[in-house]
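Source file: upload_23.txt (compact mmCIF, C-alpha atoms)
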```txt
# COMPACT_ATOMS: atom_id res chain seq x y z
CA MET X 81 78.87 132.51 -12.32
CA THR X 82 78.96 130.77 -15.71
CA GLN X 83 82.21 132.46 -16.70
CA ALA X 84 83.81 131.50 -13.37
CA VAL X 85 82.68 127.88 -13.81
CA LEU X 86 84.10 127.74 -17.35
CA ILE X 87 87.44 129.24 -16.27
CA GLY X 88 87.68 126.88 -13.29
CA GLY X 89 86.72 123.91 -15.48
CA VAL X 90 89.33 124.75 -18.11
CA PHE X 91 91.91 125.12 -15.31
CA ILE X 92 91.01 121.67 -13.96
CA GLY X 93 90.78 119.97 -17.35
CA VAL X 94 93.96 121.33 -18.93
CA LEU X 95 96.21 120.84 -15.91
CA SER X 96 94.78 117.35 -15.32
CA GLY X 97 95.21 116.40 -18.97
CA LEU X 98 98.83 117.45 -19.49
CA PRO X 99 101.15 114.45 -19.15
CA ILE X 100 103.75 115.69 -16.65
CA VAL X 101 101.72 118.39 -14.89
CA SER X 102 98.87 115.97 -14.11
CA VAL X 103 101.11 114.07 -11.67
CA ALA X 104 100.27 116.75 -9.05
CA ASN X 105 96.69 115.40 -9.01
CA PHE X 106 98.02 112.42 -7.05
CA CYS X 107 98.54 114.90 -4.20
CA CYS X 108 94.94 115.03 -2.90
CA CYS X 109 93.53 116.01 -6.31
CA LEU X 110 95.52 119.26 -6.24
CA TRP X 111 94.38 120.70 -9.59
CA VAL X 112 90.78 119.70 -9.00
CA VAL X 113 90.55 121.30 -5.54
CA ALA X 114 92.45 124.37 -6.77
CA GLY X 115 90.06 124.70 -9.72
CA GLY X 116 87.09 124.62 -7.35
CA MET X 117 88.72 127.30 -5.20
CA LEU X 118 89.46 129.40 -8.28
CA THR X 119 85.81 129.14 -9.31
CA ALA X 120 84.64 130.29 -5.88
CA TYR X 121 87.13 133.17 -5.93
CA LEU X 122 86.01 134.37 -9.36
CA THR X 123 82.34 134.00 -8.41
CA GLN X 124 82.91 136.08 -5.26
CA GLN X 125 84.68 138.79 -7.26
CA ASN X 126 81.61 139.23 -9.46
CA GLU X 127 79.13 139.58 -6.60
CA THR X 128 78.65 142.23 -3.93
CA LEU X 129 77.10 139.92 -1.35
CA PRO X 130 79.15 137.22 0.37
CA LEU X 131 79.30 133.87 -1.39
CA THR X 132 77.72 131.18 0.77
CA PRO X 133 79.61 127.91 1.25
CA VAL X 134 76.76 126.00 -0.45
CA ARG X 135 76.89 128.22 -3.56
CA GLY X 136 80.68 127.88 -3.57
CA ALA X 137 80.38 124.09 -3.45
CA VAL X 138 77.81 124.07 -6.26
CA ALA X 139 80.03 126.30 -8.39
CA GLY X 140 83.01 124.04 -7.67
CA LEU X 141 81.00 120.93 -8.57
CA ALA X 142 79.93 122.51 -11.87
CA ALA X 143 83.56 123.43 -12.59
CA GLY X 144 84.55 119.83 -11.83
CA VAL X 145 82.06 118.50 -14.39
CA VAL X 146 83.26 121.02 -16.99
CA GLY X 147 86.83 120.05 -16.08
CA ALA X 148 86.08 116.38 -16.75
CA VAL X 149 84.84 117.22 -20.24
CA VAL X 150 87.83 119.48 -20.92
CA TRP X 151 90.12 116.73 -19.61
CA LEU X 152 88.54 114.28 -22.07
CA VAL X 153 89.26 116.60 -25.00
CA VAL X 154 92.83 117.41 -23.88
CA SER X 155 93.61 113.75 -23.18
CA ALA X 156 92.23 112.65 -26.54
CA VAL X 157 94.50 115.15 -28.28
CA VAL X 158 97.51 114.12 -26.19
CA ASP X 159 96.77 110.41 -26.83
CA THR X 160 96.51 111.07 -30.55
CA VAL X 161 99.92 112.71 -30.54
CA THR X 162 101.74 110.37 -28.14
CA GLY X 163 99.79 107.14 -28.73
CA PRO X 164 101.91 105.74 -31.56
CA LEU X 165 105.09 106.49 -29.62
CA GLN X 166 103.75 104.73 -26.53
CA GLN X 167 102.66 101.69 -28.56
CA ARG X 168 106.10 101.40 -30.17
CA PHE X 169 107.75 101.73 -26.75
CA LEU X 170 105.57 98.98 -25.24
CA ALA X 171 106.08 96.69 -28.25
CA GLU X 172 109.86 97.15 -28.00
CA MET X 173 109.76 96.47 -24.28
CA LEU X 174 107.77 93.27 -24.82
CA ARG X 175 110.18 92.13 -27.51
CA ASN X 176 113.32 92.73 -25.41
CA THR X 177 112.26 91.32 -22.03
CA ASP X 178 112.24 87.58 -21.56
CA ASP X 179 111.98 87.45 -17.77
CA MET X 180 108.66 89.31 -17.50
CA PRO X 181 105.93 87.43 -15.60
CA PRO X 182 103.16 86.12 -17.90
CA GLY X 183 100.43 88.22 -16.24
CA ALA X 184 102.45 91.41 -16.71
CA ARG X 185 103.16 90.52 -20.34
CA GLU X 186 99.43 90.01 -21.04
CA TRP X 187 98.58 93.31 -19.38
CA MET X 188 101.23 95.12 -21.44
CA GLN X 189 99.81 93.58 -24.62
CA VAL X 190 96.32 94.80 -23.69
CA LEU X 191 97.67 98.31 -23.06
CA SER X 192 99.47 98.40 -26.39
CA GLY X 193 96.60 96.93 -28.41
CA PRO X 194 93.88 98.68 -30.39
CA GLY X 195 91.17 100.27 -28.31
CA SER X 196 93.46 100.82 -25.34
CA SER X 197 93.18 104.58 -25.78
CA ALA X 198 89.37 104.42 -25.66
CA LEU X 199 89.57 102.26 -22.54
CA ARG X 200 91.90 104.75 -20.81
CA LEU X 201 89.73 107.71 -21.79
CA THR X 202 86.52 106.02 -20.60
CA PHE X 203 88.04 105.04 -17.27
CA GLY X 204 89.61 108.49 -16.88
CA LEU X 205 86.34 110.28 -17.61
CA GLY X 206 84.58 108.31 -14.90
CA LEU X 207 87.40 109.06 -12.50
CA HIS X 208 87.29 112.78 -13.30
CA LEU X 209 83.53 112.92 -12.89
CA PHE X 210 84.02 111.40 -9.43
CA ALA X 211 86.80 113.94 -8.79
CA ALA X 212 84.23 116.70 -9.34
CA LEU X 213 83.28 116.05 -5.70
CA PHE X 214 86.75 117.28 -4.75
CA ALA X 215 86.15 120.39 -6.84
CA ALA X 216 83.00 120.95 -4.76
CA VAL X 217 85.15 120.76 -1.62
CA GLY X 218 87.50 123.28 -3.23
CA GLY X 219 84.54 125.56 -3.99
CA LEU X 220 83.36 125.30 -0.41
CA LEU X 221 86.84 126.13 0.90
CA GLY X 222 87.14 128.99 -1.58
CA ALA X 223 83.81 130.44 -0.43
CA VAL X 224 85.05 130.38 3.16
CA PHE X 225 88.57 131.69 2.43
CA PHE X 226 87.62 134.40 -0.06
CA ARG X 227 84.43 135.52 1.69
CA ARG X 228 83.76 139.19 1.19
CA ASP X 229 82.08 140.98 4.09
CA PRO X 230 78.80 142.71 3.25
CA PRO X 231 79.09 146.45 2.60
CA PRO X 232 78.66 148.61 5.72
CA ALA X 233 75.47 150.56 6.24
CA ILE X 234 75.52 154.19 5.12
CA PRO X 235 75.57 156.53 8.15
CA GLY X 236 72.34 158.37 8.72
CA GLU X 237 70.13 155.87 6.91
CA PRO X 238 67.90 153.68 9.03
CA VAL X 239 68.88 150.04 9.14
CA MET X 240 65.93 147.73 8.77
CA PRO X 241 66.14 144.53 10.83
CA PRO X 242 65.58 141.30 8.95
CA PRO X 243 61.97 140.10 8.96
CA LEU X 244 60.96 137.68 11.66
CA PRO X 245 60.16 134.14 10.59
CA PRO X 246 56.44 133.23 10.53
CA GLN X 247 55.16 131.64 13.69
```
Hey, can you dump this file as structure tokens for me?
Amino acid sequence: MTQAVLIGGVFIGVLSGLPIVSVANFCCCLWVVAGGMLTAYLTQQNETLPLTPVRGAVAGLAAGVVGAVVWLVVSAVVDTVTGPLQQRFLAEMLRNTDDMPPGAREWMQVLSGPGSSALRLTFGLGLHLFAALFAAVGGLLGAVFFRRDPPPAIPGEPVMPPPLPPQ
């Protein structure tokens, strides 16, 4: 299950961290739910018994947490590469617009100032840790959708009924 959780987490983190691709997360946390489902699918493929919905949800939740950490790393790299370009763009926009409301101008200055990247990453990490709940929903759905039926009994061998619960 560890390998499935890591693969699902990398799926969630990378697709959520890429600038243009991450827009699909606005559609009901698409990459997060899909990563949870992928984790449940991979977990089911490695086991002979059916994956229970609870185990699928737990695997999805774990993948969501791993995905949040991967997202943090990917976003930090992307911010390092695109940060100076974004700051120049915002500074140019502030310089060339005179009719911007004062509140919007102050907000743009905060976003282009030092430490804005750390603020975005901290807020985003919290958001992605919350989104791990959606990965748990994806894991639960994946356990239901990709459920593998138990192997049939071998003909001629006696089938033992399950033990009765204690009274």
Open item on the list: Nearest residue to Leu170 in chain X out of X:Val224, X:Ala156, X:Ala211, X:Ala184, using only C-alpha atoms?
Closed with: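 With only C-alpha atoms as the atom set, the closest residue is X:Ala184.
When all atoms listed in the file are used to measure the gap to Gly219 in chain X, the shortest distance among X:Gly89, X:Phe106, X:Pro245, X:Met188 belongs to X:Gly89.
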Task: Minimum-distance residue to Pro164 in chain X, chosen among X:Leu141, X:Leu152, X:Ser197, X:Ala114 (using all atoms listed in the file) - done: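 So, comparing all the options, the nearest one is X:Ser197.
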Open item on the list: Counting all atoms listed in the file, which residue out of X:Leu122, X:Leu129, X:Ala148, X:Val103 sits closest to Leu209 in chain X?
Closed with: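 Selected residue with least distance to Leu209 in chain X: X:Ala148.
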Task: Long-range neighbours of Phe210 in chain X as a PyMOL selection string, 10 Å cut-off, only C-alpha atoms, 4 positions minimum in chain - done: chain X and resi 144-145+148+204-206+214-215
